[in-house]
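Just entry.cif here, mmCIF, C-alpha atoms and all ligand atoms:
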```cif
data_protein
loop_
_atom_site.label_atom_id
_atom_site.label_comp_id
_atom_site.auth_asym_id
_atom_site.auth_seq_id
_atom_site.Cartn_x
_atom_site.Cartn_y
_atom_site.Cartn_z
CA MET A 1 188.05 -14.36 133.19
CA LYS A 2 186.23 -13.43 129.98
CA ALA A 3 182.54 -14.17 129.50
CA ILE A 4 181.74 -15.33 125.98
CA THR A 5 178.75 -16.48 123.96
CA LEU A 6 179.11 -18.88 121.05
CA LEU A 7 176.82 -18.98 118.02
CA GLY A 8 177.10 -22.06 115.78
CA SER A 9 178.48 -24.22 118.59
CA THR A 10 178.03 -27.59 116.86
CA GLY A 11 180.08 -26.78 113.74
CA SER A 12 183.78 -26.85 112.96
CA ILE A 13 184.42 -23.34 114.36
CA GLY A 14 182.03 -23.92 117.27
CA THR A 15 183.58 -27.17 118.49
CA GLN A 16 187.11 -25.74 118.19
CA THR A 17 186.02 -22.70 120.21
CA LEU A 18 184.73 -25.04 122.90
CA ASP A 19 188.07 -26.92 122.83
CA ILE A 20 189.69 -23.60 123.76
CA VAL A 21 187.19 -22.92 126.55
CA ARG A 22 187.73 -26.47 127.85
CA GLU A 23 191.52 -25.98 127.85
CA HIS A 24 191.33 -22.60 129.59
CA PRO A 25 188.59 -22.74 132.22
CA ASP A 26 190.41 -20.03 134.18
CA ARG A 27 190.22 -17.65 131.19
CA PHE A 28 186.83 -18.18 129.58
CA ARG A 29 183.31 -18.65 130.90
CA LEU A 30 180.43 -19.53 128.60
CA VAL A 31 177.24 -17.47 128.88
CA GLY A 32 175.21 -18.60 125.88
CA LEU A 33 175.22 -21.31 123.22
CA ALA A 34 173.27 -21.53 119.95
CA ALA A 35 173.26 -23.95 117.02
CA GLY A 36 171.26 -24.88 113.93
CA SER A 37 169.69 -28.29 114.46
CA ASN A 38 172.06 -30.81 116.04
CA VAL A 39 170.18 -31.39 119.31
CA GLU A 40 172.31 -34.26 120.55
CA LEU A 41 175.61 -32.40 120.38
CA LEU A 42 174.11 -29.12 121.62
CA ALA A 43 172.64 -30.90 124.66
CA GLN A 44 176.01 -32.48 125.45
CA GLN A 45 177.65 -29.07 125.21
CA VAL A 46 175.08 -27.53 127.56
CA GLN A 47 175.71 -30.29 130.06
CA GLU A 48 179.47 -29.75 129.92
CA PHE A 49 179.65 -25.93 129.76
CA ARG A 50 176.51 -24.97 131.71
CA PRO A 51 175.51 -21.80 129.79
CA GLN A 52 172.72 -19.61 131.18
CA ILE A 53 170.89 -19.53 127.86
CA VAL A 54 170.70 -21.84 124.84
CA ALA A 55 168.89 -21.71 121.50
CA ILE A 56 168.32 -23.96 118.52
CA ALA A 57 167.60 -22.27 115.18
CA ASN A 58 165.40 -25.06 113.87
CA GLN A 59 161.98 -24.51 115.51
CA ALA A 60 160.99 -28.12 114.82
CA LYS A 61 163.73 -29.29 117.19
CA PHE A 62 162.64 -27.17 120.15
CA ALA A 63 160.66 -29.88 121.96
CA GLU A 64 163.46 -32.39 121.41
CA LEU A 65 166.00 -29.96 122.87
CA LYS A 66 163.83 -29.24 125.92
CA GLU A 67 163.42 -32.97 126.45
CA ALA A 68 167.17 -33.58 126.09
CA LEU A 69 167.86 -30.88 128.71
CA SER A 70 165.13 -31.91 131.14
CA GLY A 71 167.40 -33.99 133.35
CA LEU A 72 169.94 -31.23 134.04
CA ASP A 73 170.63 -30.20 137.62
CA TYR A 74 170.15 -26.51 136.70
CA HIS A 75 167.69 -24.63 134.49
CA PRO A 76 169.11 -22.67 131.55
CA GLU A 77 166.74 -20.56 129.49
CA ILE A 78 165.90 -22.57 126.33
CA LEU A 79 164.77 -20.84 123.13
CA ALA A 80 164.28 -21.59 119.44
CA GLY A 81 164.14 -19.94 116.02
CA GLU A 82 165.80 -16.79 114.77
CA GLU A 83 164.38 -14.79 117.71
CA GLY A 84 165.96 -17.34 120.05
CA LEU A 85 169.35 -16.87 118.40
CA VAL A 86 169.02 -13.09 118.60
CA GLU A 87 168.19 -13.36 122.30
CA VAL A 88 171.23 -15.56 122.97
CA ALA A 89 173.44 -13.14 121.04
CA ARG A 90 172.45 -10.14 123.15
CA TYR A 91 172.02 -11.92 126.48
CA GLY A 92 173.66 -11.22 129.82
CA ASP A 93 177.19 -10.16 130.63
CA ALA A 94 179.03 -11.84 127.73
CA GLN A 95 181.80 -9.46 126.63
CA SER A 96 182.43 -11.18 123.35
CA VAL A 97 180.35 -13.24 120.91
CA VAL A 98 182.09 -15.82 118.72
CA THR A 99 180.14 -16.07 115.45
CA GLY A 100 180.52 -19.59 114.07
CA ILE A 101 177.19 -19.73 112.22
CA VAL A 102 177.59 -20.46 108.52
CA GLY A 103 176.09 -18.03 106.02
CA CYS A 104 173.94 -14.94 106.08
CA ALA A 105 171.81 -16.59 108.81
CA GLY A 106 174.35 -15.02 111.17
CA LEU A 107 173.42 -11.45 110.23
CA LEU A 108 170.59 -10.65 112.68
CA PRO A 109 172.19 -12.32 115.72
CA THR A 110 175.48 -10.53 115.00
CA LEU A 111 173.74 -7.16 114.74
CA ALA A 112 171.91 -7.88 118.02
CA ALA A 113 175.22 -8.66 119.75
CA ILE A 114 176.76 -5.42 118.48
CA GLU A 115 173.73 -3.40 119.65
CA ALA A 116 174.11 -5.01 123.07
CA GLY A 117 177.70 -3.68 123.19
CA LYS A 118 179.47 -7.00 122.76
CA ASP A 119 182.73 -7.48 120.87
CA ILE A 120 182.52 -9.85 117.92
CA ALA A 121 185.03 -12.64 117.27
CA LEU A 122 184.14 -12.97 113.61
CA ALA A 123 184.36 -16.34 111.88
CA ASN A 124 181.03 -15.91 110.06
CA LYS A 125 182.44 -13.89 107.14
CA GLU A 126 179.19 -14.00 105.10
CA THR A 127 177.56 -11.66 107.63
CA LEU A 128 180.18 -8.96 107.10
CA ILE A 129 180.33 -9.44 103.32
CA ALA A 130 176.57 -9.19 102.83
CA GLY A 131 175.91 -6.76 105.66
CA GLY A 132 179.04 -4.55 105.58
CA PRO A 133 177.12 -1.31 104.90
CA VAL A 134 175.02 -1.82 108.07
CA VAL A 135 177.45 -3.81 110.25
CA LEU A 136 180.34 -1.30 110.10
CA PRO A 137 178.35 1.84 111.09
CA LEU A 138 176.79 -0.12 113.96
CA VAL A 139 180.22 -1.30 115.17
CA ALA A 140 181.39 2.33 115.18
CA LYS A 141 178.22 3.58 116.88
CA HIS A 142 178.44 1.09 119.74
CA GLY A 143 182.24 1.26 120.04
CA VAL A 144 182.65 -2.52 119.94
CA LYS A 145 185.57 -4.46 118.44
CA LEU A 146 185.26 -6.60 115.33
CA LEU A 147 188.04 -9.14 115.87
CA PRO A 148 188.77 -11.41 112.91
CA ALA A 149 188.85 -15.17 113.51
CA ASP A 150 189.32 -16.10 109.84
CA SER A 151 192.94 -17.28 109.68
CA GLU A 152 194.03 -14.84 106.95
CA HIS A 153 192.43 -11.83 108.59
CA SER A 154 193.76 -12.84 111.97
CA ALA A 155 197.23 -12.98 110.39
CA ILE A 156 196.79 -9.47 108.99
CA PHE A 157 195.40 -8.20 112.28
CA GLN A 158 198.32 -9.74 114.19
CA CYS A 159 200.83 -8.16 111.78
CA LEU A 160 199.08 -4.80 112.14
CA GLN A 161 199.60 -4.60 115.91
CA GLY A 162 201.89 -1.62 116.38
CA VAL A 163 201.69 -0.38 112.77
CA PRO A 164 200.79 3.33 112.90
CA ALA A 165 197.69 4.66 111.10
CA GLY A 166 198.48 5.12 107.43
CA GLY A 167 201.40 2.68 107.59
CA LEU A 168 199.68 -0.12 105.70
CA ARG A 169 200.01 -0.15 101.91
CA ARG A 170 198.95 -3.61 100.73
CA ILE A 171 197.45 -6.86 101.95
CA ILE A 172 198.54 -10.21 100.50
CA LEU A 173 196.03 -12.97 101.25
CA THR A 174 197.40 -16.49 100.99
CA ALA A 175 195.23 -19.29 99.60
CA SER A 176 195.82 -23.03 99.84
CA GLY A 177 194.27 -23.45 96.41
CA GLY A 178 191.50 -25.80 97.57
CA SER A 179 190.66 -29.33 96.50
CA PHE A 180 191.37 -28.89 92.79
CA ARG A 181 194.56 -26.87 92.82
CA ASP A 182 196.47 -29.67 91.10
CA TRP A 183 193.69 -30.69 88.70
CA PRO A 184 193.72 -29.53 85.08
CA ALA A 185 190.83 -27.14 84.32
CA GLU A 186 189.24 -29.67 81.85
CA LYS A 187 188.68 -32.15 84.66
CA LEU A 188 186.58 -29.71 86.70
CA GLN A 189 183.56 -30.54 84.54
CA HIS A 190 183.34 -33.96 86.09
CA VAL A 191 184.06 -33.42 89.77
CA THR A 192 181.90 -35.10 92.40
CA ILE A 193 180.83 -33.75 95.76
CA ALA A 194 183.27 -36.12 97.44
CA ASP A 195 186.14 -34.75 95.30
CA ALA A 196 185.20 -31.17 96.18
CA LEU A 197 185.02 -31.94 99.90
CA GLN A 198 188.62 -33.27 99.99
CA HIS A 199 190.43 -30.17 101.23
CA PRO A 200 194.21 -30.66 101.21
CA ASN A 201 195.05 -28.68 104.39
CA TRP A 202 192.00 -27.77 106.48
CA SER A 203 189.09 -29.70 107.96
CA MET A 204 186.06 -27.37 107.86
CA GLY A 205 182.30 -27.29 107.32
CA LYS A 206 180.99 -28.34 103.90
CA LYS A 207 179.99 -24.91 102.63
CA ILE A 208 183.40 -23.29 103.18
CA THR A 209 185.15 -26.39 101.80
CA ILE A 210 183.23 -26.00 98.51
CA ASP A 211 184.00 -22.25 98.60
CA SER A 212 187.67 -23.18 98.90
CA ALA A 213 187.40 -25.50 95.89
CA THR A 214 185.87 -22.73 93.72
CA LEU A 215 188.22 -20.13 95.31
CA MET A 216 185.09 -18.10 96.13
CA ASN A 217 186.28 -18.38 99.72
CA LYS A 218 189.31 -16.29 98.80
CA GLY A 219 187.11 -13.88 96.86
CA LEU A 220 184.84 -13.48 99.87
CA GLU A 221 187.95 -12.93 101.99
CA VAL A 222 189.06 -10.10 99.71
CA ILE A 223 185.75 -8.33 100.47
CA GLU A 224 186.08 -9.24 104.15
CA ALA A 225 189.58 -7.69 104.19
CA HIS A 226 188.30 -4.53 102.49
CA TYR A 227 185.63 -4.08 105.16
CA LEU A 228 187.89 -4.99 108.09
CA PHE A 229 191.02 -3.06 107.14
CA GLY A 230 189.72 -0.33 104.81
CA LEU A 231 192.13 -0.84 101.88
CA ASP A 232 191.09 -0.32 98.25
CA TYR A 233 190.56 -3.48 96.21
CA ASP A 234 193.64 -2.57 94.12
CA ASP A 235 195.70 -2.99 97.29
CA ILE A 236 194.42 -6.45 98.24
CA ASP A 237 196.20 -9.30 96.43
CA ILE A 238 195.92 -13.09 96.48
CA VAL A 239 198.79 -15.56 96.24
CA ILE A 240 198.49 -19.35 96.18
CA HIS A 241 200.59 -20.88 98.95
CA PRO A 242 199.90 -24.63 98.97
CA GLN A 243 201.52 -25.37 102.35
CA SER A 244 199.22 -23.05 104.40
CA ILE A 245 202.03 -22.08 106.78
CA ILE A 246 202.03 -18.34 106.05
CA HIS A 247 198.49 -17.25 106.84
CA SER A 248 198.75 -13.84 105.12
CA LEU A 249 201.09 -10.84 104.82
CA ILE A 250 201.00 -7.07 104.93
CA GLU A 251 203.20 -4.60 103.10
CA MET A 252 204.01 -1.29 104.75
CA GLN A 253 204.44 2.06 102.98
CA ASP A 254 208.24 1.57 102.99
CA THR A 255 207.86 -1.85 101.21
CA SER A 256 208.68 -3.87 104.33
CA VAL A 257 206.54 -7.02 104.47
CA LEU A 258 205.31 -8.76 107.63
CA ALA A 259 203.81 -12.24 107.77
CA GLN A 260 202.21 -14.46 110.40
CA LEU A 261 203.12 -18.16 110.37
CA GLY A 262 201.83 -21.27 112.07
CA TRP A 263 200.54 -24.78 111.46
CA ALA A 264 197.11 -24.90 109.79
CA ASP A 265 195.04 -24.92 112.99
CA MET A 266 191.97 -22.70 113.37
CA ARG A 267 192.26 -22.72 117.14
CA LEU A 268 195.06 -20.17 116.95
CA PRO A 269 193.13 -17.39 115.17
CA LEU A 270 190.09 -18.21 117.31
CA LEU A 271 192.09 -17.94 120.52
CA TYR A 272 193.57 -14.60 119.47
CA ALA A 273 190.13 -13.21 118.57
CA MET A 274 188.90 -14.34 122.00
CA SER A 275 191.88 -13.15 124.04
CA TRP A 276 193.06 -10.01 122.20
CA PRO A 277 195.06 -8.01 123.14
CA GLU A 278 196.48 -10.70 125.41
CA ARG A 279 198.55 -13.71 124.36
CA ILE A 280 197.53 -16.86 126.22
CA ALA A 281 200.11 -19.66 126.61
CA THR A 282 199.12 -22.99 125.02
CA ASP A 283 200.71 -26.42 124.74
CA TRP A 284 199.84 -26.74 121.02
CA PRO A 285 202.54 -28.05 118.63
CA GLN A 286 205.12 -25.36 117.97
CA LEU A 287 205.95 -24.41 114.40
CA ASP A 288 209.00 -26.31 113.12
CA LEU A 289 210.26 -24.59 109.98
CA VAL A 290 212.45 -27.50 108.97
CA LYS A 291 209.52 -29.90 109.23
CA ALA A 292 207.33 -27.42 107.34
CA GLY A 293 209.93 -27.57 104.55
CA ASP A 294 209.62 -25.61 101.32
CA LEU A 295 207.22 -22.70 101.25
CA THR A 296 206.10 -22.00 97.68
CA PHE A 297 203.94 -19.40 96.00
CA ARG A 298 202.17 -19.01 92.69
CA GLU A 299 199.74 -16.77 90.87
CA PRO A 300 196.03 -17.68 91.21
CA ASP A 301 194.49 -18.91 87.93
CA ARG A 302 191.63 -16.48 87.29
CA VAL A 303 190.42 -18.40 84.23
CA LYS A 304 190.15 -21.73 86.01
CA TYR A 305 188.59 -19.95 89.01
CA PRO A 306 186.16 -17.26 87.75
CA CYS A 307 184.88 -16.68 91.30
CA ILE A 308 187.96 -14.57 92.07
CA ASN A 309 187.07 -11.93 89.48
CA LEU A 310 183.36 -12.13 90.36
CA ALA A 311 184.18 -11.32 93.98
CA TYR A 312 186.54 -8.43 93.14
CA ALA A 313 183.88 -6.98 90.80
CA ALA A 314 181.13 -7.30 93.43
CA GLY A 315 183.38 -5.77 96.08
CA ARG A 316 184.24 -2.83 93.82
CA ALA A 317 180.56 -2.34 92.95
CA GLY A 318 179.80 -2.14 96.68
CA GLY A 319 176.30 -1.41 98.00
CA THR A 320 174.05 -4.47 97.84
CA MET A 321 176.20 -6.26 95.24
CA PRO A 322 178.32 -8.19 97.79
CA ALA A 323 175.05 -9.38 99.43
CA VAL A 324 173.84 -10.59 96.03
CA LEU A 325 177.17 -12.31 95.32
CA ASN A 326 177.08 -13.98 98.71
CA GLY A 327 173.41 -15.02 98.58
CA ALA A 328 173.84 -16.39 95.05
CA ASN A 329 176.92 -18.31 96.14
CA GLU A 330 175.22 -19.79 99.21
CA GLN A 331 172.31 -20.99 97.08
CA ALA A 332 174.52 -22.34 94.29
CA VAL A 333 176.73 -24.23 96.75
CA ALA A 334 173.63 -25.71 98.43
CA LEU A 335 172.37 -26.88 95.00
CA PHE A 336 175.74 -28.44 94.20
CA LEU A 337 175.79 -30.24 97.57
CA ASP A 338 172.26 -31.42 96.81
CA GLU A 339 173.46 -32.87 93.46
CA LYS A 340 171.19 -30.51 91.52
CA ILE A 341 173.88 -28.66 89.54
CA PRO A 342 177.41 -29.47 88.36
CA PHE A 343 180.45 -27.82 89.96
CA LEU A 344 181.12 -25.45 87.07
CA ALA A 345 177.56 -24.12 87.24
CA ILE A 346 178.38 -22.44 90.57
CA PRO A 347 180.29 -19.48 89.08
CA GLN A 348 177.99 -19.36 86.04
CA LEU A 349 174.88 -18.88 88.17
CA ILE A 350 176.56 -16.30 90.41
CA GLU A 351 177.70 -14.30 87.39
CA GLN A 352 174.22 -14.28 85.81
CA VAL A 353 172.59 -13.11 89.02
CA CYS A 354 175.20 -10.40 89.75
CA ASP A 355 174.82 -9.13 86.17
CA ARG A 356 171.07 -8.88 86.61
CA HIS A 357 171.53 -6.90 89.82
CA SER A 358 174.00 -4.36 88.44
CA ALA A 359 171.31 -1.92 87.23
CA ASP A 360 169.59 -2.00 90.66
CA ASN A 361 172.62 -1.88 92.94
CA ASN A 362 171.71 0.16 96.01
CA GLN A 363 174.72 2.13 97.24
CA GLN A 364 173.22 3.04 100.62
CA PRO A 365 171.22 0.04 101.68
CA ALA A 366 169.35 -0.29 104.94
CA LEU A 367 169.20 -3.65 106.68
CA ALA A 368 165.86 -4.46 105.02
CA ASP A 369 167.41 -3.84 101.56
CA ILE A 370 170.26 -6.22 102.30
CA ILE A 371 167.94 -8.95 103.53
CA ALA A 372 165.67 -8.46 100.51
CA MET A 373 168.60 -8.66 98.06
CA ASP A 374 170.01 -11.75 99.76
CA GLU A 375 166.63 -13.44 99.34
CA TRP A 376 166.24 -12.18 95.76
CA ALA A 377 169.66 -13.59 94.81
CA ARG A 378 168.77 -17.02 96.23
CA GLN A 379 165.48 -17.10 94.34
CA ALA A 380 167.18 -15.93 91.14
CA VAL A 381 169.74 -18.74 91.41
CA LEU A 382 167.02 -21.30 92.07
CA ALA A 383 165.06 -20.15 89.02
CA ALA A 384 168.13 -20.05 86.76
CA SER A 385 169.30 -23.46 87.96
CA GLN A 386 166.17 -25.08 86.49
CA LYS A 387 167.66 -24.47 83.06
CA ILE A 388 170.94 -26.17 83.86
CA SER A 389 171.33 -29.77 82.88
CA LEU A 390 173.03 -32.22 85.19
CA ALA A 391 174.09 -34.15 82.11
CA THR A 392 177.48 -32.43 82.24
CA VAL A 393 178.30 -34.10 85.58
P1 LIG B 1 179.84 -25.75 109.97
O1 LIG B 1 178.89 -26.12 108.89
O2 LIG B 1 180.80 -26.76 110.46
O3 LIG B 1 179.04 -25.20 111.24
C1 LIG B 1 178.01 -24.25 111.10
C2 LIG B 1 177.32 -23.98 112.43
O4 LIG B 1 176.24 -23.06 112.18
C3 LIG B 1 176.68 -25.22 113.06
O5 LIG B 1 176.74 -25.10 114.46
C4 LIG B 1 175.23 -25.14 112.59
O6 LIG B 1 174.35 -25.76 113.47
C5 LIG B 1 175.00 -23.65 112.59
N1 LIG B 1 173.97 -23.23 111.64
C6 LIG B 1 173.80 -23.62 110.37
N2 LIG B 1 172.74 -23.01 109.82
C7 LIG B 1 172.22 -22.21 110.79
C8 LIG B 1 171.11 -21.32 110.84
N3 LIG B 1 170.31 -21.14 109.80
N4 LIG B 1 170.90 -20.65 111.98
C9 LIG B 1 171.72 -20.83 113.03
N5 LIG B 1 172.76 -21.66 113.06
C10 LIG B 1 173.01 -22.34 111.94
O7 LIG B 1 180.61 -24.45 109.43
P2 LIG B 1 182.07 -23.94 109.86
O8 LIG B 1 183.08 -24.54 108.97
O9 LIG B 1 182.24 -24.03 111.34
O10 LIG B 1 181.98 -22.41 109.43
C11 LIG B 1 181.30 -21.44 110.21
C12 LIG B 1 181.67 -20.05 109.70
O11 LIG B 1 183.05 -19.83 109.95
C13 LIG B 1 181.47 -19.86 108.20
O12 LIG B 1 181.06 -18.54 107.97
C14 LIG B 1 182.86 -20.06 107.64
O13 LIG B 1 183.08 -19.35 106.44
C15 LIG B 1 183.72 -19.51 108.75
N6 LIG B 1 185.08 -20.07 108.79
C16 LIG B 1 185.25 -21.38 109.08
C17 LIG B 1 186.54 -21.92 109.12
C18 LIG B 1 186.76 -23.36 109.50
O14 LIG B 1 187.90 -23.77 109.66
N7 LIG B 1 185.74 -24.17 109.67
C19 LIG B 1 187.64 -21.10 108.83
C20 LIG B 1 187.42 -19.75 108.55
C21 LIG B 1 186.14 -19.25 108.55
MG MG B 2 190.14 -18.11 105.71
#
```
Before anything else, please render the file you have as structure tokens.
Amino acid sequence: MKAITLLGSTGSIGTQTLDIVREHPDRFRLVGLAAGSNVELLAQQVQEFRPQIVAIANQAKFAELKEALSGLDYHPEILAGEEGLVEVARYGDAQSVVTGIVGCAGLLPTLAAIEAGKDIALANKETLIAGGPVVLPLVAKHGVKLLPADSEHSAIFQCLQGVPAGGLRRIILTASGGSFRDWPAEKLQHVTIADALQHPNWSMGKKITIDSATLMNKGLEVIEAHYLFGLDYDDIDIVIHPQSIIHSLIEMQDTSVLAQLGWADMRLPLLYAMSWPERIATDWPQLDLVKAGDLTFREPDRVKYPCINLAYAAGRAGGTMPAVLNGANEQAVALFLDEKIPFLAIPQLIEQVCDRHSADNNQQPALADIIAMDEWARQAVLAASQKISLATV
């Protein structure tokens, strides 16, 4: 029986993690739950899974949450705000914390969990991308495991089991291509939010679905792979694979290539991050290669999708640049979802802000530097966005 805590329990990753806990009550026990602001769903989850501690990030919802939990036949600790999330993350005897918060908001709770000696089942990639220079030394110091739950990184991690140190030569990340993979580049000027949220293969939260449409998600995953597996950026490649059956591949020093395959279902990488090194039997649909049909591959279009090059450049620059890239992207995506900027302004704003940061890039940032640069990037995008006209939409 493994004790786990779940951050971001009301989202796409969070609810799928709870599906796993529900299916395997003999394997997993829930210690803590935290979410952003969905009181109704969080309260239902508390009732069903009976955690010892629960927190809501949005302070304004604290009273509502306490009220919603007042009729329970037991008394969990109830907290709010960022301090509440941090407390949930480090609380009790949870061995592993599943990080399903979206964005850099996951950074402080994740660091708190690591400091409390808990393994991290990492879905919240933004935390590692922005905070890599502080997250990785802390992981090493506390001897905890950083277990990838992102499907591509889980695939790589699964393929790496049994590969000796030094055996890995190259990583090949697969990408579905996102909502606009079959649209001509000219049409991207006029996309709507609804168009961008139509992901062909995966049902996910809004922010990552927009990141998939710009291919920034794949760019962020290149940086995530660099931090998780230690390869140079020259040895991390991207290939478009529209069917999303092969979740990524690794090439060994002798040119042998290993891949991990499965239906597009996030529960599988989540389960492996929660159960590693064990393999837990499930009754999920088995892969049928004939039904899957043709598996095809093509080169990513770096002109149509400038976010790919922006992410490689930020990753290579290192230091605080990935935090700036990530913060700028989070703010630009929020503005697009708020109908304040057109789709094509997303990469333009990120590029401007990364360019401005290049003279100040801090190669050995402390946590405070990363938080400050994340905030600076958001403000810089907000300011620059004032000059962008929506007329192009
Ligand atoms: P989502 O929007 O569906 O859910 C986000 C969760 O975070 C919700 O529970 C929300 O309440 C919470 N949250 C939002 N803002 C918060 C804040 N400021 N403080 C605390 N909690 C907050 O997002 P998602 O699709 O589940 O993605 C979560 C993370 O997992 C992201 O980093 C994403 O990149 C990553 N990821 C998701 C998928 C997927 O299939 N959904 C796949 C791979 C990686
Ligand atoms: Mg992914």
Which residues of region 185-208 of chain A have any atom within 12 Å of an atom in region 234-251 of chain A when counting only C-alpha atoms, and what is the closest pair of atoms for each, with the distance in Å to one decimal? Order the rows by chain and rising number and write it as JSON lines.
```
{"residue": "A:His199", "atom": "CA", "partner": "A:Pro242", "partner_atom": "CA", "distance": 11.2}
{"residue": "A:Pro200", "atom": "CA", "partner": "A:Pro242", "partner_atom": "CA", "distance": 8.6}
{"residue": "A:Asn201", "atom": "CA", "partner": "A:Ser244", "partner_atom": "CA", "distance": 7.0}
{"residue": "A:Trp202", "atom": "CA", "partner": "A:Ser244", "partner_atom": "CA", "distance": 8.9}
```
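The interatomic distance for the pair CA of Ile370 (chain A) and CA of Gly131 (chain A) works out to 6.6 Å.
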All residues 10 Å or closer to Lys61 (chain A), only C-alpha atoms, same chain fewer than 2 positions away omitted, as a tab-separated table (two decimals) with C-alpha atoms, in the frame of the given file:
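File produced: result-v4.tsv:
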```tsv
chain	number	residue	atom	x	y	z
A	36	GLY	CA	171.26	-24.88	113.93
A	37	SER	CA	169.69	-28.29	114.46
A	38	ASN	CA	172.06	-30.81	116.04
A	39	VAL	CA	170.18	-31.39	119.31
A	56	ILE	CA	168.32	-23.96	118.52
A	57	ALA	CA	167.60	-22.27	115.18
A	58	ASN	CA	165.40	-25.06	113.87
A	59	GLN	CA	161.98	-24.51	115.51
A	63	ALA	CA	160.66	-29.88	121.96
A	64	GLU	CA	163.46	-32.39	121.41
A	65	LEU	CA	166.00	-29.96	122.87
A	66	LYS	CA	163.83	-29.24	125.92
A	67	GLU	CA	163.42	-32.97	126.45
A	80	ALA	CA	164.28	-21.59	119.44
A	81	GLY	CA	164.14	-19.94	116.02
```
Open item on the list: For ligand LIG 1 (chain B), return the neighbouring residues as a PyMOL selection string (distance at most 7 Å; all atoms listed in the file).
Closed with: chain A and resi 7-14+34-38+57+82+100-103+105-106+123-126+149-151+202-208+266
To check your reading of the model: which residues sit at most 8 Å from ligand MG 2 (chain B) when counting all atoms listed in the file? Write the answer as an mmCIF file with C-alpha atoms, in the coordinates of the input.
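As a result, selection09.cif now contains:
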```cif
data_model
loop_
_atom_site.group_PDB
_atom_site.id
_atom_site.type_symbol
_atom_site.label_atom_id
_atom_site.label_comp_id
_atom_site.auth_asym_id
_atom_site.auth_seq_id
_atom_site.Cartn_x
_atom_site.Cartn_y
_atom_site.Cartn_z
ATOM 1 C CA ASP A 150 189.320 -16.100 109.840
ATOM 2 C CA SER A 151 192.940 -17.280 109.680
ATOM 3 C CA GLU A 152 194.030 -14.840 106.950
ATOM 4 C CA HIS A 153 192.430 -11.830 108.590
ATOM 5 C CA ASN A 217 186.280 -18.380 99.720
ATOM 6 C CA LYS A 218 189.310 -16.290 98.800
ATOM 7 C CA GLU A 221 187.950 -12.930 101.990
#
```
- [ ] Considering all atoms listed in the file, state which residue in the set A:Gly132, A:Pro148, A:Gly143, A:Gly84 is at the smallest distance from Leu271 (chain A).
- [x]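 Once distances to Leu271 (chain A) are computed over all atoms listed in the file, the minimum belongs to A:Pro148.
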- [ ] Have a look at CA of Ile172 (chain A) and CA of Ala264 (chain A) and let me know their distance in Å, one decimal.
- [x] 17.4 Å
Open item on the list: Between A:Val191, A:Leu295, A:Ile171, A:Ala273, which residue has the minimum interatomic distance to Val257 (chain A), considering all atoms listed in the file?
Closed with: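 Once distances to Val257 (chain A) are computed over all atoms listed in the file, the minimum belongs to A:Ile171.
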Hey, which bits of region 183-205 of chain A sit within 12 Å of region 301-325 of chain A, and for each residue what's the closest pair of atoms and how far apart in Å (one decimal), counting only C-alpha atoms, rows by chain and increasing number, as a Markdown table?
```
| residue | atom | partner | partner_atom | distance |
| --- | --- | --- | --- | --- |
| A:Trp183 | CA | A:Lys304 | CA | 10.0 |
| A:Pro184 | CA | A:Lys304 | CA | 8.6 |
| A:Ala185 | CA | A:Lys304 | CA | 5.7 |
| A:Glu186 | CA | A:Lys304 | CA | 9.0 |
| A:Lys187 | CA | A:Lys304 | CA | 10.6 |
| A:Leu188 | CA | A:Lys304 | CA | 8.8 |
| A:Gln189 | CA | A:Lys304 | CA | 11.1 |
```
Task: Residue with smallest distance to Ser154 (chain A) - pool A:His24, A:Arg267, A:Arg29, A:Arg378, counting all atoms listed in the file - done: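 Counting all atoms listed in the file, the residue closest to Ser154 (chain A) is A:Arg267.
For the residues A:Met1, A:Val144, A:Val353, A:Leu107, ranking by smallest atom-to-atom distance to Gln379 (chain A) using only C-alpha atoms places A:Val353 first.
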TODO: Have a look at A:Leu337, A:Leu228, A:Ala345, A:Ile280 and name the one nearest to Asp26 (chain A); count only C-alpha atoms.
DONE: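 Among the listed residues, A:Ile280 lies closest to Asp26 (chain A).
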Open item on the list: Report, in Å with one decimal, the straight-line distance from CA of Ala94 (chain A) to CA of Leu146 (chain A).
Closed with: 14.8 Å
